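Novice: Quick one: the structure is below, and I'll ask about it shortly.
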Amino acid sequence: MSELAPLIADLALILGCAGIMTLVFKRLKQPLVLGYIVAGFLASPHMPLTPSVADTANIQTWADIGVIFLLFALGLEFSFKKIVKAGSSAAISAVAIIFSMILVGMMVGMMFGWKRMDCIFLGGMLAMSSTTIIYKAFDDLGLRQQRFAGIVLGILVLEDILAIVLMVLLSTLAVSQNIEGMELAGSIGKLVFFLVLWFVVGIYVIPLFLKRMKRYMSDETLLIVAVGLCLAMVVLASKVGFSPAFGAFIMGSILAETVEAEQIDRLVKPLKDLFGAIFFVSVGMMVDPAMIVAYWGPILAITLAVIVGQAVFGTFGVLLGGQPLKTSMQCSFSLMQIGEFAFIIASLGVSLKVTSHFLYPIVIAVSVITTFLTPYMIRLAAPASAWVEARIPARWQRFIDRYCSGVQAANHETNWRKLLKAIVRIVAVYSILSVAVVVLSFQILIPLLEESLPEFWADLLGTVATVLCLSPFLRAIVVKKNHSPEFIALWADSRVNRVPLVATILLRLVIAMGFVMFVISSLFEASVGLLLGIAFLLVCLMVYSRRLKKQSILMERTFIQNLRSRDMRAVYLGKQKPEYAGKLLSRDLHLADFEVSGDCPCVDKSLKELAIGKLYGVRVASILRGSRRINIPDASCRIYPGDKLQVIGTDEQLSRFSTALLRVDAGVEPDMAKHEMVMRQLVVSPDSAFCGCSIRNSGIRDRYNCLVVAVEHGNNGMKTPDLDAPLEEGDIVWVVGEADNVYALVSQKKETNVAADEE
């Protein structure tokens, strides 16, 4: 018999322990993450009373895969549009909290005399709260609908993306072992460059690919494609110097903008749960009870630092974002724990061999303690805020109130600010795409041409190809926003605005010419004047090219449609309100959804018959029927059960409409006995009115509302009736109908001397 591989035996032990602990912690209503950690502790070599894992190296590989799938799944739940929806308040709060908690962690580490990288990684671990634990605590306490809970969830969204950025920076610091301003700025620039490049290219290419391959995409195929894309980005991110987890997160966030995002998330979830469990079990395997006993002092100190640091700096950060004192304290008390990202950052330090062996179990112990304290700290927030408000000086309270109201009022943007923000965004994105085109051309295209052509012709052909590929992006840099409403309004508003407006165009023209000059000067010797002339001529040709204009508009339109495809589908299916619904509020109008049940009085009536607009003053904007959407339905359109009506009107009009047409009288009890269906048999006699008459012409269905289901003729048995065949003497006719109708038919038969026998 063949010997069982150690990896299989280890997996059996790990998943067995994880399964048991999952059931136990579910029973105790505690986070499953803690159950996995306890399972890892039981399966580790540090626990002599239970079986232990034999090959920890293979388990670590599986754990690395678990981190990849965890970050991929997190990316699928994340959307860059969520950053915009979170608003400036959540952004300011998240940045302030993370920066402050990093400093707190570093100070605690230095207090114990730990080495510099231990202090930096400890700061990174303490900066990230646990999204999973906070979500569960809010659900258990019934707080998901409260205002502060929405702010906390917005902060967590931003903390997730900042955690990815922090992991990249920590990896850079770990490799260089040096903190220099220029090197750190270069790392941040590299991160932003690849982040924008991958996101823009991914949003443009991947949704088009999935759309064209949709007919071939079963669940199995889609899962393989999604995992393949994830691992491809993992390899690419590793090649350019980033962590594999960063690549997995980026691909997940790209796929999150596609129509298939929910389906992919559903398919990937079992993989994430399986490998995530292995990762958290491997975290528990790193716990050494002897080390926890030896370092009980730092564990308590760090736990206290998390609680006090979040209470002070978390409250300050949310206050800085413009929220009232009570809301700020409720948010900060909700964030008093460390979780998943702390484990991932800790494992990053271990894999890079830059953190000490004691840091991992210390952080796990702190995470366990703060996780158990989370529900109690959330409950404590309201009385604590009341206590602080009762003792805070009145002038401080007045200052906070003025600051909060001032921040919330300053939401308007001037035309200059809107225009400059748009120009900076356009120049940055298209410049990054242009740099990517130049790099690919010089690294791949031109070397290939030089291998097969003479040097001059290879360089000339490579230059032409590169400039042609650059032309849509360079044209966009120069032309975009020159005819925008903001630009036109500023130009017409004052002559003083015209000089800086022209300057923005000239500056972008210089940037576009710079790309062309760089490509030409890298391959050919030419004077500066000649380069300027050629670059200026080529950029002018790009600007005035109609074909290039159409191509540029088409590319941008495709990108915007891909970016909005998921939201557009949600709006089409009625899962999300259309954009114009928000604009109606300023006019005291609302867009409300009404579900039509089968008992509504409006069922099977046309809009013309209902006269909805005339009687109630509302307008039916759309009718959602299954996977169909009927926008601006005409008067002949009928209402059917299951339809969802999107109706525009004031609160009073919508209330009257709902009361009149959509209310069902639940107090009327139907007479069920009256509608009971029965089956009876009729024997056709010689003097019957039906003898020699076909079923179609007998009137059994038209006059008595009964259905002939079978006819017995002679010894031939019961057969499906022929509606046009005449009934003969002795035929047995089986009829089905409501009891009253069948009895009326039988009574009529008796009056006409037709024999009737009940079944």
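By convention here, the chains of the structure tokens are called A, B, ... in the order presented, each chain's residues are numbered starting at 1, and ligands are numbered starting at 1 in the order presented.
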Could you list, as a PyMOL selection string, every residue within 12 Å of stretch 573-580 of chain A, counting only C-alpha atoms and ignoring same-chain residues fewer than 2 positions away?
Specialist: chain A and resi 564+566-571+582-587+589-595+621-631+643-648
Novice: Could you write those residues out with N, CA and C atoms, as a compact mmCIF listing (two decimals), in the first residue's frame?
Specialist:
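Below is the file out.txt, written as the result:
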# COMPACT_ATOMS: atom_id res chain seq x y z
N ARG A 564 -18.95 52.01 -15.68
CA ARG A 564 -20.30 52.17 -15.15
C ARG A 564 -21.19 50.96 -15.42
N ARG A 566 -21.54 47.96 -14.23
CA ARG A 566 -22.18 47.27 -13.10
C ARG A 566 -23.31 48.12 -12.53
N ASP A 567 -23.06 49.43 -12.40
CA ASP A 567 -24.11 50.32 -11.89
C ASP A 567 -25.27 50.41 -12.89
N MET A 568 -24.94 50.44 -14.19
CA MET A 568 -25.99 50.52 -15.20
C MET A 568 -26.88 49.28 -15.15
N ARG A 569 -26.27 48.12 -14.95
CA ARG A 569 -27.05 46.88 -14.86
C ARG A 569 -27.93 46.89 -13.61
N ALA A 570 -27.36 47.38 -12.49
CA ALA A 570 -28.14 47.45 -11.25
C ALA A 570 -29.33 48.38 -11.41
N VAL A 571 -29.14 49.51 -12.10
CA VAL A 571 -30.24 50.44 -12.34
C VAL A 571 -31.27 49.80 -13.26
N GLY A 582 -31.77 61.51 -7.52
CA GLY A 582 -31.23 62.46 -6.56
C GLY A 582 -31.56 63.90 -6.91
N LYS A 583 -31.64 64.21 -8.20
CA LYS A 583 -31.94 65.58 -8.63
C LYS A 583 -33.40 65.94 -8.38
N LEU A 584 -34.27 64.93 -8.28
CA LEU A 584 -35.68 65.21 -8.03
C LEU A 584 -35.92 65.77 -6.64
N LEU A 585 -35.04 65.41 -5.69
CA LEU A 585 -35.25 65.81 -4.30
C LEU A 585 -35.23 67.33 -4.14
N SER A 586 -34.39 68.00 -4.96
CA SER A 586 -34.31 69.46 -4.86
C SER A 586 -35.62 70.12 -5.32
N ARG A 587 -36.48 69.37 -5.99
CA ARG A 587 -37.76 69.90 -6.47
C ARG A 587 -38.94 69.29 -5.69
N LEU A 589 -39.69 66.31 -5.21
CA LEU A 589 -40.24 65.12 -5.86
C LEU A 589 -39.42 63.91 -5.46
N HIS A 590 -40.02 62.75 -5.60
CA HIS A 590 -39.34 61.51 -5.23
C HIS A 590 -39.59 60.46 -6.31
N LEU A 591 -38.64 59.54 -6.42
CA LEU A 591 -38.82 58.36 -7.25
C LEU A 591 -39.01 57.17 -6.32
N ALA A 592 -40.20 56.61 -6.32
CA ALA A 592 -40.53 55.52 -5.40
C ALA A 592 -40.81 54.25 -6.19
N ASP A 593 -40.46 53.10 -5.60
CA ASP A 593 -40.72 51.79 -6.20
C ASP A 593 -41.94 51.16 -5.54
N PHE A 594 -42.84 50.62 -6.36
CA PHE A 594 -44.04 49.95 -5.86
C PHE A 594 -44.11 48.56 -6.49
N GLU A 595 -44.23 47.55 -5.63
CA GLU A 595 -44.37 46.16 -6.09
C GLU A 595 -45.86 45.85 -6.28
N ALA A 621 -42.51 56.34 -14.48
CA ALA A 621 -41.29 56.52 -15.27
C ALA A 621 -40.84 55.22 -15.92
N SER A 622 -40.94 54.11 -15.18
CA SER A 622 -40.47 52.82 -15.70
C SER A 622 -41.29 51.70 -15.09
N ILE A 623 -41.37 50.59 -15.83
CA ILE A 623 -41.97 49.36 -15.33
C ILE A 623 -40.91 48.26 -15.43
N LEU A 624 -40.58 47.63 -14.29
CA LEU A 624 -39.61 46.54 -14.26
C LEU A 624 -40.38 45.24 -14.23
N ARG A 625 -40.16 44.43 -15.25
CA ARG A 625 -40.90 43.18 -15.42
C ARG A 625 -39.89 42.05 -15.64
N GLY A 626 -39.57 41.33 -14.55
CA GLY A 626 -38.55 40.29 -14.66
C GLY A 626 -37.21 40.92 -14.97
N SER A 627 -36.57 40.48 -16.06
CA SER A 627 -35.30 41.05 -16.49
C SER A 627 -35.48 42.13 -17.55
N ARG A 628 -36.75 42.54 -17.79
CA ARG A 628 -37.04 43.60 -18.76
C ARG A 628 -37.29 44.91 -18.03
N ARG A 629 -36.97 46.00 -18.71
CA ARG A 629 -37.25 47.34 -18.18
C ARG A 629 -37.96 48.14 -19.27
N ILE A 630 -39.17 48.60 -18.98
CA ILE A 630 -39.95 49.40 -19.93
C ILE A 630 -39.89 50.85 -19.46
N ASN A 631 -39.09 51.66 -20.13
CA ASN A 631 -38.96 53.06 -19.76
C ASN A 631 -40.02 53.90 -20.48
N ASP A 643 -44.95 43.06 -11.38
CA ASP A 643 -44.32 44.28 -11.92
C ASP A 643 -43.86 45.17 -10.78
N LYS A 644 -42.76 45.89 -11.04
CA LYS A 644 -42.31 46.93 -10.12
C LYS A 644 -42.43 48.27 -10.84
N LEU A 645 -43.24 49.16 -10.28
CA LEU A 645 -43.48 50.47 -10.88
C LEU A 645 -42.56 51.49 -10.24
N GLN A 646 -41.82 52.25 -11.07
CA GLN A 646 -41.03 53.37 -10.58
C GLN A 646 -41.82 54.64 -10.90
N VAL A 647 -42.31 55.27 -9.84
CA VAL A 647 -43.28 56.35 -9.96
C VAL A 647 -42.68 57.63 -9.39
N ILE A 648 -42.90 58.76 -10.08
CA ILE A 648 -42.42 60.07 -9.66
C ILE A 648 -43.59 60.89 -9.13
Novice: Fewer than 5 positions away in the same chain doesn't count, so skip those; otherwise give me all residues within 12 Å of A:Lys418, counting only C-alpha atoms, as a ChimeraX atom specification.
Specialist: /A:412-413,423-425,481,484-487,489-490
Novice: Give me a file of those residues, with C-alpha atoms, as an mmCIF file, in the first residue's frame.
Specialist:
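This is the output file part-v8.cif:
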data_model
loop_
_atom_site.group_PDB
_atom_site.id
_atom_site.type_symbol
_atom_site.label_atom_id
_atom_site.label_comp_id
_atom_site.auth_asym_id
_atom_site.auth_seq_id
_atom_site.Cartn_x
_atom_site.Cartn_y
_atom_site.Cartn_z
ATOM 1 C CA HIS A 412 -19.291 73.766 -3.147
ATOM 2 C CA GLU A 413 -16.567 73.941 -5.781
ATOM 3 C CA ILE A 423 -7.076 68.870 -16.071
ATOM 4 C CA VAL A 424 -4.711 67.383 -13.479
ATOM 5 C CA ARG A 425 -6.585 64.069 -13.572
ATOM 6 C CA LYS A 481 -11.701 70.218 -21.124
ATOM 7 C CA SER A 484 -16.092 72.258 -20.986
ATOM 8 C CA PRO A 485 -18.816 74.364 -19.286
ATOM 9 C CA GLU A 486 -16.279 75.474 -16.659
ATOM 10 C CA PHE A 487 -13.759 76.631 -19.274
ATOM 11 C CA ALA A 489 -17.882 80.129 -18.126
ATOM 12 C CA LEU A 490 -14.476 81.310 -16.921
#
Novice: For A:Ser565, please output as a PDB file with N, CA and C atoms, in the first residue's frame all residues within 10 Å (counting only C-alpha atoms; exclusion window: fewer than 6 positions along the same chain).
Specialist:
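The result, written out as result_21.pdb:
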ATOM      1  N   PRO A 207     -13.470  44.003 -19.220  1.00  0.00           N
ATOM      2  CA  PRO A 207     -14.912  43.906 -19.485  1.00  0.00           C
ATOM      3  C   PRO A 207     -15.251  43.610 -20.941  1.00  0.00           C
ATOM      4  N   GLU A 257     -15.654  45.980 -11.031  1.00  0.00           N
ATOM      5  CA  GLU A 257     -16.366  46.961 -11.849  1.00  0.00           C
ATOM      6  C   GLU A 257     -17.081  46.315 -13.035  1.00  0.00           C
ATOM      7  N   THR A 258     -16.998  44.999 -13.172  1.00  0.00           N
ATOM      8  CA  THR A 258     -17.625  44.317 -14.296  1.00  0.00           C
ATOM      9  C   THR A 258     -19.018  43.830 -13.916  1.00  0.00           C
ATOM     10  N   VAL A 259     -19.804  43.495 -14.926  1.00  0.00           N
ATOM     11  CA  VAL A 259     -21.156  42.974 -14.698  1.00  0.00           C
ATOM     12  C   VAL A 259     -21.099  41.618 -14.002  1.00  0.00           C
ATOM     13  N   GLU A 260     -20.031  40.863 -14.244  1.00  0.00           N
ATOM     14  CA  GLU A 260     -19.915  39.510 -13.692  1.00  0.00           C
ATOM     15  C   GLU A 260     -19.369  39.493 -12.272  1.00  0.00           C
ATOM     16  N   PHE A 559     -14.382  53.215 -22.163  1.00  0.00           N
ATOM     17  CA  PHE A 559     -13.866  53.116 -20.790  1.00  0.00           C
ATOM     18  C   PHE A 559     -14.939  53.506 -19.780  1.00  0.00           C
ATOM     19  N   VAL A 571     -29.136  49.512 -12.097  1.00  0.00           N
ATOM     20  CA  VAL A 571     -30.239  50.442 -12.337  1.00  0.00           C
ATOM     21  C   VAL A 571     -31.269  49.799 -13.259  1.00  0.00           C
TER      22      VAL A 571
END
Novice: Tell me which of A:Val363, A:Val354, A:Leu348, A:Val240 sits closest to A:Trp296, counting only C-alpha atoms.
Specialist: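 Going through A:Val363, A:Val354, A:Leu348, A:Val240 one by one, the smallest distance to A:Trp296 is for A:Val363.
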Novice: Check the DSSP output for the backbone and give back, as a PyMOL selection string, the residues of stretch 428-674 of chain A in strand (DSSP E or B).
Specialist: chain A and resi 590-595+606+619-625+628-631+638+644-649
Novice: For the selection you just gave me, I'd like the residues written to a file as a PDB file, in the first residue's frame, keeping N, CA and C atoms.
Specialist:
ATOM      1  N   HIS A 590     -40.020  62.747  -5.602  1.00  0.00           N
ATOM      2  CA  HIS A 590     -39.339  61.511  -5.233  1.00  0.00           C
ATOM      3  C   HIS A 590     -39.588  60.460  -6.308  1.00  0.00           C
ATOM      4  N   LEU A 591     -38.636  59.542  -6.418  1.00  0.00           N
ATOM      5  CA  LEU A 591     -38.816  58.357  -7.253  1.00  0.00           C
ATOM      6  C   LEU A 591     -39.010  57.173  -6.315  1.00  0.00           C
ATOM      7  N   ALA A 592     -40.196  56.610  -6.316  1.00  0.00           N
ATOM      8  CA  ALA A 592     -40.532  55.515  -5.404  1.00  0.00           C
ATOM      9  C   ALA A 592     -40.812  54.247  -6.192  1.00  0.00           C
ATOM     10  N   ASP A 593     -40.462  53.104  -5.596  1.00  0.00           N
ATOM     11  CA  ASP A 593     -40.716  51.795  -6.196  1.00  0.00           C
ATOM     12  C   ASP A 593     -41.939  51.159  -5.540  1.00  0.00           C
ATOM     13  N   PHE A 594     -42.836  50.619  -6.362  1.00  0.00           N
ATOM     14  CA  PHE A 594     -44.035  49.947  -5.862  1.00  0.00           C
ATOM     15  C   PHE A 594     -44.111  48.558  -6.490  1.00  0.00           C
ATOM     16  N   GLU A 595     -44.231  47.547  -5.632  1.00  0.00           N
ATOM     17  CA  GLU A 595     -44.374  46.163  -6.093  1.00  0.00           C
ATOM     18  C   GLU A 595     -45.856  45.855  -6.284  1.00  0.00           C
ATOM     19  N   SER A 606     -54.713  48.821 -18.296  1.00  0.00           N
ATOM     20  CA  SER A 606     -53.744  49.692 -18.956  1.00  0.00           C
ATOM     21  C   SER A 606     -53.608  50.993 -18.187  1.00  0.00           C
ATOM     22  N   ARG A 619     -46.436  60.199 -12.076  1.00  0.00           N
ATOM     23  CA  ARG A 619     -46.028  59.741 -13.408  1.00  0.00           C
ATOM     24  C   ARG A 619     -45.255  58.432 -13.282  1.00  0.00           C
ATOM     25  N   VAL A 620     -45.625  57.452 -14.103  1.00  0.00           N
ATOM     26  CA  VAL A 620     -44.908  56.170 -14.126  1.00  0.00           C
ATOM     27  C   VAL A 620     -43.710  56.318 -15.057  1.00  0.00           C
ATOM     28  N   ALA A 621     -42.507  56.336 -14.479  1.00  0.00           N
ATOM     29  CA  ALA A 621     -41.291  56.522 -15.275  1.00  0.00           C
ATOM     30  C   ALA A 621     -40.836  55.216 -15.923  1.00  0.00           C
ATOM     31  N   SER A 622     -40.941  54.108 -15.179  1.00  0.00           N
ATOM     32  CA  SER A 622     -40.468  52.820 -15.701  1.00  0.00           C
ATOM     33  C   SER A 622     -41.285  51.696 -15.090  1.00  0.00           C
ATOM     34  N   ILE A 623     -41.366  50.589 -15.834  1.00  0.00           N
ATOM     35  CA  ILE A 623     -41.968  49.362 -15.326  1.00  0.00           C
ATOM     36  C   ILE A 623     -40.907  48.261 -15.428  1.00  0.00           C
ATOM     37  N   LEU A 624     -40.582  47.634 -14.292  1.00  0.00           N
ATOM     38  CA  LEU A 624     -39.610  46.540 -14.257  1.00  0.00           C
ATOM     39  C   LEU A 624     -40.376  45.236 -14.230  1.00  0.00           C
ATOM     40  N   ARG A 625     -40.162  44.430 -15.255  1.00  0.00           N
ATOM     41  CA  ARG A 625     -40.899  43.176 -15.416  1.00  0.00           C
ATOM     42  C   ARG A 625     -39.894  42.054 -15.636  1.00  0.00           C
ATOM     43  N   ARG A 628     -36.748  42.537 -17.790  1.00  0.00           N
ATOM     44  CA  ARG A 628     -37.040  43.603 -18.756  1.00  0.00           C
ATOM     45  C   ARG A 628     -37.291  44.910 -18.032  1.00  0.00           C
ATOM     46  N   ARG A 629     -36.968  46.005 -18.712  1.00  0.00           N
ATOM     47  CA  ARG A 629     -37.246  47.338 -18.184  1.00  0.00           C
ATOM     48  C   ARG A 629     -37.955  48.136 -19.268  1.00  0.00           C
ATOM     49  N   ILE A 630     -39.166  48.602 -18.980  1.00  0.00           N
ATOM     50  CA  ILE A 630     -39.951  49.403 -19.926  1.00  0.00           C
ATOM     51  C   ILE A 630     -39.892  50.852 -19.458  1.00  0.00           C
ATOM     52  N   ASN A 631     -39.091  51.657 -20.127  1.00  0.00           N
ATOM     53  CA  ASN A 631     -38.963  53.059 -19.764  1.00  0.00           C
ATOM     54  C   ASN A 631     -40.021  53.897 -20.484  1.00  0.00           C
ATOM     55  N   ARG A 638     -50.049  47.568 -20.083  1.00  0.00           N
ATOM     56  CA  ARG A 638     -50.848  46.999 -19.005  1.00  0.00           C
ATOM     57  C   ARG A 638     -49.960  46.633 -17.810  1.00  0.00           C
ATOM     58  N   LYS A 644     -42.762  45.889 -11.045  1.00  0.00           N
ATOM     59  CA  LYS A 644     -42.306  46.931 -10.125  1.00  0.00           C
ATOM     60  C   LYS A 644     -42.434  48.266 -10.842  1.00  0.00           C
ATOM     61  N   LEU A 645     -43.240  49.159 -10.281  1.00  0.00           N
ATOM     62  CA  LEU A 645     -43.477  50.470 -10.882  1.00  0.00           C
ATOM     63  C   LEU A 645     -42.556  51.493 -10.242  1.00  0.00           C
ATOM     64  N   GLN A 646     -41.818  52.246 -11.067  1.00  0.00           N
ATOM     65  CA  GLN A 646     -41.026  53.368 -10.585  1.00  0.00           C
ATOM     66  C   GLN A 646     -41.815  54.641 -10.896  1.00  0.00           C
ATOM     67  N   VAL A 647     -42.313  55.265  -9.837  1.00  0.00           N
ATOM     68  CA  VAL A 647     -43.278  56.350  -9.957  1.00  0.00           C
ATOM     69  C   VAL A 647     -42.685  57.630  -9.389  1.00  0.00           C
ATOM     70  N   ILE A 648     -42.904  58.757 -10.084  1.00  0.00           N
ATOM     71  CA  ILE A 648     -42.417  60.068  -9.656  1.00  0.00           C
ATOM     72  C   ILE A 648     -43.589  60.892  -9.134  1.00  0.00           C
ATOM     73  N   GLY A 649     -43.418  61.511  -7.986  1.00  0.00           N
ATOM     74  CA  GLY A 649     -44.451  62.371  -7.425  1.00  0.00           C
ATOM     75  C   GLY A 649     -44.024  62.909  -6.074  1.00  0.00           C
TER      76      GLY A 649
END
Novice: Residues of stretch 91-242 of chain A in alpha helix (DSSP H) according to DSSP, as an MDAnalysis selection string?
Specialist: chainID A and resid 91:111 116:126 131:141 147:176 181:212 219:239
Novice: Would you save the residues from that selection as a compact mmCIF listing (two decimals), in the first residue's frame, using C-alpha atoms?
Specialist:
# COMPACT_ATOMS: atom_id res chain seq x y z
CA ALA A 91 -10.80 60.16 3.86
CA ILE A 92 -9.53 62.75 6.35
CA SER A 93 -10.56 60.55 9.28
CA ALA A 94 -8.92 57.40 7.88
CA VAL A 95 -5.62 59.12 7.05
CA ALA A 96 -5.46 60.82 10.47
CA ILE A 97 -6.23 57.58 12.34
CA ILE A 98 -3.73 55.48 10.39
CA PHE A 99 -0.92 58.03 10.69
CA SER A 100 -1.54 58.51 14.43
CA MET A 101 -1.75 54.78 15.21
CA ILE A 102 1.45 54.08 13.26
CA LEU A 103 3.21 56.62 15.47
CA VAL A 104 1.65 55.07 18.59
CA GLY A 105 2.86 51.60 17.59
CA MET A 106 6.38 52.86 16.84
CA MET A 107 6.55 54.68 20.17
CA VAL A 108 5.46 51.56 22.09
CA GLY A 109 8.08 49.47 20.28
CA MET A 110 10.82 51.99 21.00
CA MET A 111 9.73 52.08 24.65
CA ARG A 116 13.60 49.80 14.13
CA MET A 117 11.86 47.42 11.68
CA ASP A 118 9.93 45.80 14.55
CA CYS A 119 8.66 49.23 15.59
CA ILE A 120 7.67 50.18 12.03
CA PHE A 121 5.83 46.91 11.37
CA LEU A 122 4.14 47.11 14.78
CA GLY A 123 2.86 50.57 13.87
CA GLY A 124 1.47 49.22 10.60
CA MET A 125 -0.30 46.38 12.40
CA LEU A 126 -1.95 48.67 14.98
CA THR A 131 -13.57 44.99 8.90
CA THR A 132 -14.95 41.48 9.53
CA ILE A 133 -15.20 41.86 13.30
CA ILE A 134 -16.80 45.34 13.12
CA TYR A 135 -19.37 44.18 10.55
CA LYS A 136 -20.33 41.26 12.80
CA ALA A 137 -20.50 43.42 15.92
CA PHE A 138 -22.78 45.96 14.20
CA ASP A 139 -25.07 43.15 13.01
CA ASP A 140 -25.22 41.52 16.43
CA LEU A 141 -25.97 44.85 18.15
CA ARG A 147 -25.39 57.20 11.17
CA PHE A 148 -22.05 56.55 12.90
CA ALA A 149 -22.01 52.97 11.56
CA GLY A 150 -22.12 54.31 7.99
CA ILE A 151 -19.15 56.59 8.75
CA VAL A 152 -17.21 53.68 10.28
CA LEU A 153 -17.84 51.52 7.21
CA GLY A 154 -16.63 54.38 4.97
CA ILE A 155 -13.44 54.66 7.05
CA LEU A 156 -12.91 50.89 6.79
CA VAL A 157 -13.18 51.03 2.98
CA LEU A 158 -10.40 53.61 2.88
CA GLU A 159 -8.35 51.73 5.47
CA ASP A 160 -8.43 48.66 3.23
CA ILE A 161 -6.93 50.49 0.25
CA LEU A 162 -4.43 52.33 2.48
CA ALA A 163 -3.46 48.99 4.01
CA ILE A 164 -2.47 47.75 0.56
CA VAL A 165 -0.40 50.91 0.03
CA LEU A 166 1.17 50.44 3.47
CA MET A 167 2.11 46.84 2.64
CA VAL A 168 3.89 48.02 -0.51
CA LEU A 169 5.79 50.71 1.42
CA LEU A 170 6.73 48.28 4.20
CA SER A 171 8.04 45.84 1.59
CA THR A 172 10.16 48.60 0.08
CA LEU A 173 11.51 49.62 3.49
CA ALA A 174 12.23 46.00 4.37
CA VAL A 175 14.27 45.47 1.21
CA SER A 176 16.21 48.76 1.35
CA GLY A 181 12.83 60.88 1.47
CA MET A 182 13.69 60.55 -2.21
CA GLU A 183 13.60 56.75 -2.18
CA LEU A 184 10.27 56.75 -0.37
CA ALA A 185 8.85 59.32 -2.81
CA GLY A 186 10.11 57.15 -5.70
CA SER A 187 8.36 54.10 -4.24
CA ILE A 188 5.10 56.03 -3.85
CA GLY A 189 5.41 57.35 -7.41
CA LYS A 190 6.03 53.83 -8.73
CA LEU A 191 3.01 52.57 -6.79
CA VAL A 192 0.72 55.31 -8.16
CA PHE A 193 2.03 54.76 -11.70
CA PHE A 194 1.30 51.03 -11.78
CA LEU A 195 -1.95 51.42 -9.84
CA VAL A 196 -3.37 53.87 -12.39
CA LEU A 197 -1.93 51.95 -15.37
CA TRP A 198 -3.33 48.57 -14.35
CA PHE A 199 -6.68 50.00 -13.37
CA VAL A 200 -7.19 52.00 -16.58
CA VAL A 201 -5.98 49.24 -18.90
CA GLY A 202 -7.84 46.58 -16.93
CA ILE A 203 -11.15 48.47 -16.97
CA TYR A 204 -10.78 49.05 -20.71
CA VAL A 205 -9.74 45.52 -21.74
CA ILE A 206 -11.19 42.97 -19.29
CA PRO A 207 -14.91 43.91 -19.49
CA LEU A 208 -14.70 43.85 -23.30
CA PHE A 209 -13.08 40.40 -23.16
CA LEU A 210 -15.71 39.04 -20.75
CA LYS A 211 -18.53 40.53 -22.83
CA ARG A 212 -17.34 38.94 -26.06
CA ASP A 219 -19.69 28.91 -14.00
CA GLU A 220 -16.74 26.56 -14.36
CA THR A 221 -15.14 28.54 -17.18
CA LEU A 222 -15.70 31.89 -15.46
CA LEU A 223 -14.08 30.61 -12.27
CA ILE A 224 -11.01 29.37 -14.15
CA VAL A 225 -10.72 32.66 -16.09
CA ALA A 226 -11.10 34.79 -12.95
CA VAL A 227 -8.52 32.80 -10.97
CA GLY A 228 -6.20 32.83 -13.98
CA LEU A 229 -6.45 36.62 -14.24
CA CYS A 230 -5.82 36.92 -10.50
CA LEU A 231 -2.68 34.78 -10.57
CA ALA A 232 -1.44 36.51 -13.74
CA MET A 233 -1.65 39.87 -11.95
CA VAL A 234 0.05 38.30 -8.91
CA VAL A 235 2.99 37.27 -11.10
CA LEU A 236 3.08 40.68 -12.83
CA ALA A 237 3.04 42.54 -9.52
CA SER A 238 5.84 40.34 -8.21
CA LYS A 239 7.90 40.98 -11.37
Novice: Work out how far apart atom CA of A:Met329 and atom CA of A:Leu34 are and give it in Å to one decimal.
Specialist: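 Atom-to-atom, atom CA of A:Met329 to atom CA of A:Leu34, that is 26.4 Å.
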Novice: As an exercise, work out the distance from atom CA of A:Tyr216 to atom CA of A:Val268 in Å and give it to one decimal place.
Specialist: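 Going from atom CA of A:Tyr216 over to atom CA of A:Val268 covers 18.7 Å.
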Novice: Between atom CA of A:Thr504 and atom CA of A:Val427, what is the spacing in Å?
Specialist: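 Those two atoms sit 10.9 Å apart.
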Novice: Return the single residue from A:Pro454, A:Gly247, A:Pro383, A:Gly514 that is closest to A:Leu470, with distances computed using only C-alpha atoms.
Specialist: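 Once distances to A:Leu470 are computed over only C-alpha atoms, the minimum belongs to A:Gly514.
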Novice: Pick out the residues sitting within 12 Å of A:Asn697, and hand them over as a list in words; count only C-alpha atoms, and ignore anything fewer than 2 positions along from it in its own chain.
Specialist: Ala689, Phe690, Cys691, Gly692, Cys693, Ser694, Ile695, Gly699, Ile700, Arg701, Asp702, Arg703, Asp722, Leu723, Asp724, Ala725, Pro726 and Leu727 of chain A
Novice: Keeping C-alpha atoms for every residue in the selection just given, could you write it to a file as a compact mmCIF listing (two decimals), in the first residue's frame?
Specialist:
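Saved to out.txt:
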# COMPACT_ATOMS: atom_id res chain seq x y z
CA ALA A 689 -79.79 16.96 -25.87
CA PHE A 690 -76.09 16.09 -26.22
CA CYS A 691 -76.64 12.84 -28.13
CA GLY A 692 -75.23 13.32 -31.65
CA CYS A 693 -73.80 16.71 -30.70
CA SER A 694 -70.04 17.41 -30.66
CA ILE A 695 -68.35 18.55 -27.45
CA GLY A 699 -72.25 24.32 -24.55
CA ILE A 700 -70.72 22.38 -21.66
CA ARG A 701 -67.82 24.83 -21.51
CA ASP A 702 -69.52 28.02 -22.72
CA ARG A 703 -72.79 27.77 -20.76
CA ASP A 722 -62.14 14.68 -29.82
CA LEU A 723 -63.91 18.03 -29.65
CA ASP A 724 -65.48 17.69 -33.08
CA ALA A 725 -66.60 14.01 -32.78
CA PRO A 726 -70.34 13.55 -32.01
CA LEU A 727 -71.31 12.04 -28.67
